[in-house]
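Novice: Here it is, the structure in full.
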Amino acid sequence: EVKGLVAFDLDRTLLRGSTVEAVANRKGFEAELALLRRKLEHGKLPDYAVSRALAKHLQGMRRGELVGLSGDLEFTPNAERVVEKLKERGYKVVIISSAYAPAAAKYAEKLGVDEWVCAQLEEKDGVFTGEVKREPTPRSGCRVHGGEGCKAAILKRLAKKYEVSVSDCIAVGDAIGDACMLKAAGTGLAYGGDPKMARYASAAIANLAEVLLYV
């Protein structure tokens with residue numbers, strides 16, 4: 001029997017750093033990334049537009065190169081133990097992230113999560129085309145994500161898939177892109193100390209081990 005569902009963001013939540021930042025720093029588009037993020041935070045761009053703009057820099061790249069460029073980022077303290085304990089207690093553990101799937105997959109597999117939903121880069125003849133697909137989330141009404149990749153809508157879909165009430169879901173994230181997911185879940189936990197996130201969350205946590213207090 002599945003007791004509940006715990007959904008984590010990846011970059012700066014389960015990971016100390018950011019996969020897309022690691023790639024941007026190595027490929028020289030970190031200034032554009034910073035600008036796009038500021039526009040996202042101020043409501044001037046939806047999250048999927050950021051994904052699309054950055055994916056153009058990956059055109060012609062192969063999957064293995066992207067995985068390499070995404071670095072060997074460290075997991076956040078206690079991330080591996082928390083995932084293990086949650087699964088032992090009967091919870092499904094998923095990642096819902098705006099990270100590009102090839103980069104996210106290696107960390108998701110290391111953690112042993114049940115599922116991950118990320119931005120999918122289109123490929124042709126083994127190379128990325130520069131186009132990206134996000135899960136369609138029509139009628140989400142999400143201010144940050146709009147009709148593509150709304151984390152709240154994805155959380156609800158996964159809850160239904162695993163036959164779990166949304167009220168028995170926990171969501172953990174650090175940034176504005178996670179706000180809808182934190183609000184939708186029965187328990188939303190803001191991680192990382194950003195005071196702006198408190199309004200969207202049930203509680204703020206400073207250590208991922210605190211997630212275990214809510215199960």
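Following the order of the structure tokens, first chain is A, next is B, and so on, with residues numbered from 1 inside each chain and ligands from 1 in the order they appear.
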Using only C-alpha atoms, which residues sit within 7 Å of Leu5 of chain A once same-chain residues fewer than 6 positions away are excluded, as a PyMOL selection string?

Specialist: chain A and resi 91-93+159+164+168-170

Novice: Just write the chosen residues, C-alpha atoms, as a PDB file, in the first residue's frame.

Specialist:
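Output saved as out-v2.pdb:
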ATOM      1  CA  TYR A  91       6.068   6.585   0.082  1.00  0.00           C
ATOM      2  CA  LYS A  92       6.519   7.063  -3.630  1.00  0.00           C
ATOM      3  CA  VAL A  93       9.322   9.545  -4.301  1.00  0.00           C
ATOM      4  CA  ALA A 159      -0.993  11.400  -7.247  1.00  0.00           C
ATOM      5  CA  VAL A 164      -2.768   8.857  -3.510  1.00  0.00           C
ATOM      6  CA  ASP A 168      -1.268  13.004   1.306  1.00  0.00           C
ATOM      7  CA  CYS A 169       1.364  14.548  -0.957  1.00  0.00           C
ATOM      8  CA  ILE A 170       4.424  16.454   0.220  1.00  0.00           C
TER       9      ILE A 170
END

Novice: Pick out the residues sitting within 8 Å of Val166 of chain A, and hand them over as a list in words; count only C-alpha atoms, and ignore anything fewer than 3 positions along from it in its own chain.

Specialist: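 After dropping sequence-adjacent residues, the list is Leu155, Lys156, Ala159, Cys169, Ala184, Ala185 and Gly186 of chain A.
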
Novice: What does the structure give for the distance between atom CA of Gly126 of chain A and atom CA of Leu54 of chain A, in Å to one decimal?

Specialist: 19.0 Å

Novice: Kindly indicate which residue among A:Glu30, A:Glu210, A:Glu88, A:Glu163 lies nearest to His57 of chain A, using only C-alpha atoms for the distances.

Specialist: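 Under the stated criterion, the closest residue is A:Glu30.
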
Novice: Please run DSSP on the backbone and report, as a PyMOL selection string, all residues within segment 69-172 of chain A that come out as alpha helix (DSSP H).

Specialist: chain A and resi 69+79-88+101-111+151-161

Novice: Given only C-alpha atoms, how would the per-residue table for segment 97-139 of chain A near segment 8-14 of chain A read, listing every residue at most 9 Å away with its closest atom pair and distance in Å to one decimal, sorted by chain and number, as a tab-separated table?

Specialist:
residue	atom	partner	partner_atom	distance
A:Ser97	CA	A:Asp9	CA	5.2
A:Ser98	CA	A:Leu10	CA	8.3
A:Ala99	CA	A:Asp11	CA	7.3
A:Ala104	CA	A:Leu10	CA	7.6
A:Tyr107	CA	A:Leu10	CA	8.7
A:Ala108	CA	A:Leu10	CA	8.6

Novice: So that I have them on file, write out the residues from the current selection with C-alpha atoms, as a PDB file, in the first residue's frame.

Specialist:
ATOM      1  CA  SER A  97      11.944  19.600 -12.306  1.00  0.00           C
ATOM      2  CA  SER A  98      12.559  22.094 -15.090  1.00  0.00           C
ATOM      3  CA  ALA A  99      16.009  20.559 -15.562  1.00  0.00           C
ATOM      4  CA  ALA A 104      18.560  15.052 -14.439  1.00  0.00           C
ATOM      5  CA  TYR A 107      21.043  12.026 -10.459  1.00  0.00           C
ATOM      6  CA  ALA A 108      17.527  10.576 -10.333  1.00  0.00           C
TER       7      ALA A 108
END

Novice: May I ask which of the residues A:Arg62, A:Arg81, A:His145, A:Lys27 is the closest one to Ala103 of chain A, counting only C-alpha atoms?

Specialist: A:Arg62

Novice: When you count only C-alpha atoms, which of these residues is closest to Asp47 of chain A: A:Pro102, A:Gly60, A:Gly146, A:Gly90?

Specialist: A:Gly146

Novice: Please produce, as a tab-separated table, a per-residue contact table for segment 24-70 of chain A versus segment 173-180 of chain A (criterion: any atom at most 12 Å away, only C-alpha atoms considered), showing the nearest atom pair and its distance in Å to one decimal, sorted by chain then residue number.

Specialist:
residue	atom	partner	partner_atom	distance
A:Arg37	CA	A:Ile176	CA	9.8
A:Arg38	CA	A:Ile176	CA	10.7
A:Lys39	CA	A:Ile176	CA	11.5
A:Leu40	CA	A:Ile176	CA	8.3
A:Glu41	CA	A:Ile176	CA	6.5
A:His42	CA	A:Ile176	CA	9.7
A:Gly43	CA	A:Ile176	CA	9.8
A:Leu45	CA	A:Gly177	CA	11.5
A:Pro46	CA	A:Gly177	CA	9.3
A:Asp47	CA	A:Gly177	CA	7.1
A:Tyr48	CA	A:Gly177	CA	10.3
A:Val50	CA	A:Gly177	CA	11.2
A:Ser51	CA	A:Gly177	CA	12.0

Novice: Next, the residues of the selection above should be written as a PDB file, in the first residue's frame with N, CA and C atoms.

Specialist:
ATOM      1  N   ARG A  37      16.130  34.195 -15.695  1.00  0.00           N
ATOM      2  CA  ARG A  37      15.619  33.870 -14.356  1.00  0.00           C
ATOM      3  C   ARG A  37      15.018  35.092 -13.678  1.00  0.00           C
ATOM      4  N   ARG A  38      15.636  36.251 -13.874  1.00  0.00           N
ATOM      5  CA  ARG A  38      15.080  37.477 -13.285  1.00  0.00           C
ATOM      6  C   ARG A  38      13.705  37.781 -13.888  1.00  0.00           C
ATOM      7  N   LYS A  39      13.590  37.576 -15.194  1.00  0.00           N
ATOM      8  CA  LYS A  39      12.299  37.809 -15.859  1.00  0.00           C
ATOM      9  C   LYS A  39      11.248  36.826 -15.352  1.00  0.00           C
ATOM     10  N   LEU A  40      11.663  35.581 -15.127  1.00  0.00           N
ATOM     11  CA  LEU A  40      10.745  34.576 -14.589  1.00  0.00           C
ATOM     12  C   LEU A  40      10.260  34.989 -13.207  1.00  0.00           C
ATOM     13  N   GLU A  41      11.179  35.412 -12.349  1.00  0.00           N
ATOM     14  CA  GLU A  41      10.831  35.777 -10.976  1.00  0.00           C
ATOM     15  C   GLU A  41       9.890  36.970 -10.926  1.00  0.00           C
ATOM     16  N   HIS A  42       9.994  37.858 -11.927  1.00  0.00           N
ATOM     17  CA  HIS A  42       9.155  39.055 -11.954  1.00  0.00           C
ATOM     18  C   HIS A  42       7.899  38.868 -12.800  1.00  0.00           C
ATOM     19  N   GLY A  43       7.640  37.624 -13.206  1.00  0.00           N
ATOM     20  CA  GLY A  43       6.411  37.328 -13.926  1.00  0.00           C
ATOM     21  C   GLY A  43       6.384  37.805 -15.359  1.00  0.00           C
ATOM     22  N   LEU A  45       8.103  36.284 -17.880  1.00  0.00           N
ATOM     23  CA  LEU A  45       8.268  35.130 -18.769  1.00  0.00           C
ATOM     24  C   LEU A  45       7.730  33.898 -18.068  1.00  0.00           C
ATOM     25  N   PRO A  46       7.055  32.987 -18.785  1.00  0.00           N
ATOM     26  CA  PRO A  46       6.708  31.693 -18.184  1.00  0.00           C
ATOM     27  C   PRO A  46       7.937  30.784 -18.170  1.00  0.00           C
ATOM     28  N   ASP A  47       7.912  29.809 -17.315  1.00  0.00           N
ATOM     29  CA  ASP A  47       9.057  28.917 -17.147  1.00  0.00           C
ATOM     30  C   ASP A  47       9.414  28.181 -18.442  1.00  0.00           C
ATOM     31  N   TYR A  48       8.391  27.771 -19.215  1.00  0.00           N
ATOM     32  CA  TYR A  48       8.704  27.024 -20.432  1.00  0.00           C
ATOM     33  C   TYR A  48       9.452  27.881 -21.450  1.00  0.00           C
ATOM     34  N   VAL A  50      11.752  30.025 -20.697  1.00  0.00           N
ATOM     35  CA  VAL A  50      13.155  29.952 -20.268  1.00  0.00           C
ATOM     36  C   VAL A  50      13.787  28.657 -20.802  1.00  0.00           C
ATOM     37  N   SER A  51      13.058  27.549 -20.649  1.00  0.00           N
ATOM     38  CA  SER A  51      13.557  26.261 -21.155  1.00  0.00           C
ATOM     39  C   SER A  51      13.830  26.312 -22.646  1.00  0.00           C
TER      40      SER A  51
END

Novice: Excluding Leu182 of chain A and residues on its chain fewer than 6 positions from it, collect all residues at most 7 Å away from it, counting only C-alpha atoms, and give them as a list in words.

Specialist: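 My reading of the contact set: Ala171, Val172, Gly188, Leu189, Tyr200 and Ala201 of chain A.
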
Novice: Pull all heavy atoms from the residues just selected and write them as an mmCIF file, in the first residue's frame.

Specialist:
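Dumped everything to result_21.cif:
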data_model
loop_
_atom_site.group_PDB
_atom_site.id
_atom_site.type_symbol
_atom_site.label_atom_id
_atom_site.label_comp_id
_atom_site.auth_asym_id
_atom_site.auth_seq_id
_atom_site.Cartn_x
_atom_site.Cartn_y
_atom_site.Cartn_z
ATOM 1 N N ALA A 171 5.389 18.264 -1.072
ATOM 2 C CA ALA A 171 6.221 18.848 -2.136
ATOM 3 C C ALA A 171 7.334 19.661 -1.490
ATOM 4 O O ALA A 171 7.108 20.373 -0.504
ATOM 5 C CB ALA A 171 5.380 19.730 -3.046
ATOM 6 N N VAL A 172 8.538 19.542 -2.066
ATOM 7 C CA VAL A 172 9.717 20.217 -1.515
ATOM 8 C C VAL A 172 10.409 20.973 -2.640
ATOM 9 O O VAL A 172 10.766 20.379 -3.666
ATOM 10 C CB VAL A 172 10.701 19.213 -0.883
ATOM 11 C CG1 VAL A 172 11.812 19.948 -0.151
ATOM 12 C CG2 VAL A 172 9.981 18.240 0.053
ATOM 13 N N GLY A 188 3.452 21.581 1.805
ATOM 14 C CA GLY A 188 4.471 22.191 0.956
ATOM 15 C C GLY A 188 5.619 22.690 1.801
ATOM 16 O O GLY A 188 5.405 23.473 2.744
ATOM 17 N N LEU A 189 6.820 22.225 1.504
ATOM 18 C CA LEU A 189 7.999 22.574 2.303
ATOM 19 C C LEU A 189 8.969 23.411 1.474
ATOM 20 O O LEU A 189 9.486 22.955 0.460
ATOM 21 C CB LEU A 189 8.681 21.306 2.808
ATOM 22 C CG LEU A 189 7.813 20.380 3.671
ATOM 23 C CD1 LEU A 189 8.587 19.106 4.031
ATOM 24 C CD2 LEU A 189 7.336 21.094 4.934
ATOM 25 N N TYR A 200 4.070 30.547 0.059
ATOM 26 C CA TYR A 200 3.517 29.437 -0.720
ATOM 27 C C TYR A 200 3.546 28.116 0.037
ATOM 28 O O TYR A 200 2.936 27.142 -0.404
ATOM 29 C CB TYR A 200 4.298 29.265 -2.033
ATOM 30 C CG TYR A 200 4.430 30.528 -2.848
ATOM 31 C CD1 TYR A 200 5.656 31.165 -2.981
ATOM 32 C CD2 TYR A 200 3.324 31.082 -3.475
ATOM 33 C CE1 TYR A 200 5.779 32.330 -3.733
ATOM 34 C CE2 TYR A 200 3.435 32.252 -4.224
ATOM 35 C CZ TYR A 200 4.667 32.866 -4.347
ATOM 36 O OH TYR A 200 4.783 34.015 -5.080
ATOM 37 N N ALA A 201 4.260 28.069 1.145
ATOM 38 C CA ALA A 201 4.554 26.798 1.805
ATOM 39 C C ALA A 201 3.817 26.634 3.127
ATOM 40 O O ALA A 201 3.408 27.604 3.767
ATOM 41 C CB ALA A 201 6.063 26.683 2.038
#

Novice: Taking the chain letters and numbering used in this document, name the residues of segment 110-150 of chain A that DSSP puts in strand (DSSP E), as a list in words.

Specialist: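 In segment 110-150 of chain A, DSSP puts these residues in strand (DSSP E): Glu115, Trp116, Val117, Cys118, Ala119, Gln120, Leu121, Glu122, Glu123, Lys124, Val127, Phe128, Thr129, Gly130, Glu131, Val132 and Lys133 of chain A.
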
Novice: Can you check which parts of segment 145-193 of chain A lie within 10 Å of segment 109-124 of chain A? Per residue, the shortest pair of atoms and distance in Å to one decimal, counting only C-alpha atoms, sorted by chain and number, as a tab-separated table.

Specialist:
residue	atom	partner	partner_atom	distance
A:Glu148	CA	A:Ala119	CA	9.9
A:Gly149	CA	A:Ala119	CA	7.9
A:Lys151	CA	A:Val117	CA	9.2
A:Ile154	CA	A:Val117	CA	8.1
A:Leu155	CA	A:Val117	CA	9.7
A:Leu158	CA	A:Glu115	CA	9.3

Novice: Go ahead and write the residues just picked, all heavy atoms, as a compact mmCIF listing (two decimals), in the first residue's frame.

Specialist:
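Wrote again_10.txt, looks like this:
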# COMPACT_ATOMS: atom_id res chain seq x y z
N GLU A 148 2.33 24.65 -19.97
CA GLU A 148 3.37 23.63 -20.17
C GLU A 148 4.18 23.47 -18.90
O GLU A 148 4.72 24.43 -18.38
CB GLU A 148 4.32 24.02 -21.31
CG GLU A 148 3.68 24.08 -22.68
CD GLU A 148 4.68 24.44 -23.76
OE1 GLU A 148 5.86 24.04 -23.64
OE2 GLU A 148 4.30 25.11 -24.72
N GLY A 149 4.25 22.25 -18.42
CA GLY A 149 5.14 21.94 -17.31
C GLY A 149 4.72 22.46 -15.95
O GLY A 149 5.57 22.60 -15.06
N LYS A 151 4.02 22.40 -12.41
CA LYS A 151 4.39 21.38 -11.43
C LYS A 151 3.21 20.93 -10.58
O LYS A 151 3.13 19.77 -10.18
CB LYS A 151 5.53 21.88 -10.54
CG LYS A 151 6.85 22.04 -11.29
CD LYS A 151 7.99 22.34 -10.33
CE LYS A 151 9.33 22.39 -11.06
NZ LYS A 151 10.47 22.50 -10.12
N ILE A 154 1.30 18.43 -12.67
CA ILE A 154 2.05 17.17 -12.75
C ILE A 154 1.94 16.41 -11.44
O ILE A 154 1.77 15.19 -11.42
CB ILE A 154 3.52 17.45 -13.13
CG1 ILE A 154 3.60 18.03 -14.55
CG2 ILE A 154 4.36 16.18 -13.03
CD1 ILE A 154 4.94 18.62 -14.92
N LEU A 155 2.03 17.13 -10.32
CA LEU A 155 1.87 16.50 -9.01
C LEU A 155 0.51 15.81 -8.91
O LEU A 155 0.41 14.67 -8.45
CB LEU A 155 2.02 17.55 -7.91
CG LEU A 155 1.79 17.06 -6.48
CD1 LEU A 155 2.93 16.19 -6.01
CD2 LEU A 155 1.59 18.24 -5.52
N LEU A 158 0.44 12.62 -10.99
CA LEU A 158 1.19 11.52 -10.36
C LEU A 158 0.44 10.98 -9.14
O LEU A 158 0.46 9.77 -8.88
CB LEU A 158 2.59 11.99 -9.98
CG LEU A 158 3.52 12.32 -11.16
CD1 LEU A 158 4.82 12.92 -10.66
CD2 LEU A 158 3.79 11.08 -12.00

Novice: For Lys56 of chain A, find every residue with an atom within 9 Å (counting only C-alpha atoms), except residues of its own chain fewer than 2 positions away, and show them as number ranges by chain.

Specialist: A: 51-54, 58-59, 129-132

Novice: What separation in Å, quoted to one decimal, exists between atom CA of Cys142 of chain A and atom CA of Ser70 of chain A?

Specialist: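 Pair atom CA of Cys142 of chain A / atom CA of Ser70 of chain A returns 28.4 Å.
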
Novice: With only C-alpha atoms as the basis for distance, which of A:Glu80, A:Asp125, A:Glu1, A:Asp72 is at the shortest distance from Tyr162 of chain A?

Specialist: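 Ranking A:Glu80, A:Asp125, A:Glu1, A:Asp72 by distance to Tyr162 of chain A, first place goes to A:Glu1.
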
Novice: A:Val211, A:Gly4, A:Leu69, A:Met61: which is nearest Val20 of chain A, counting only C-alpha atoms?

Specialist: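 Going through A:Val211, A:Gly4, A:Leu69, A:Met61 one by one, the smallest distance to Val20 of chain A is for A:Leu69.
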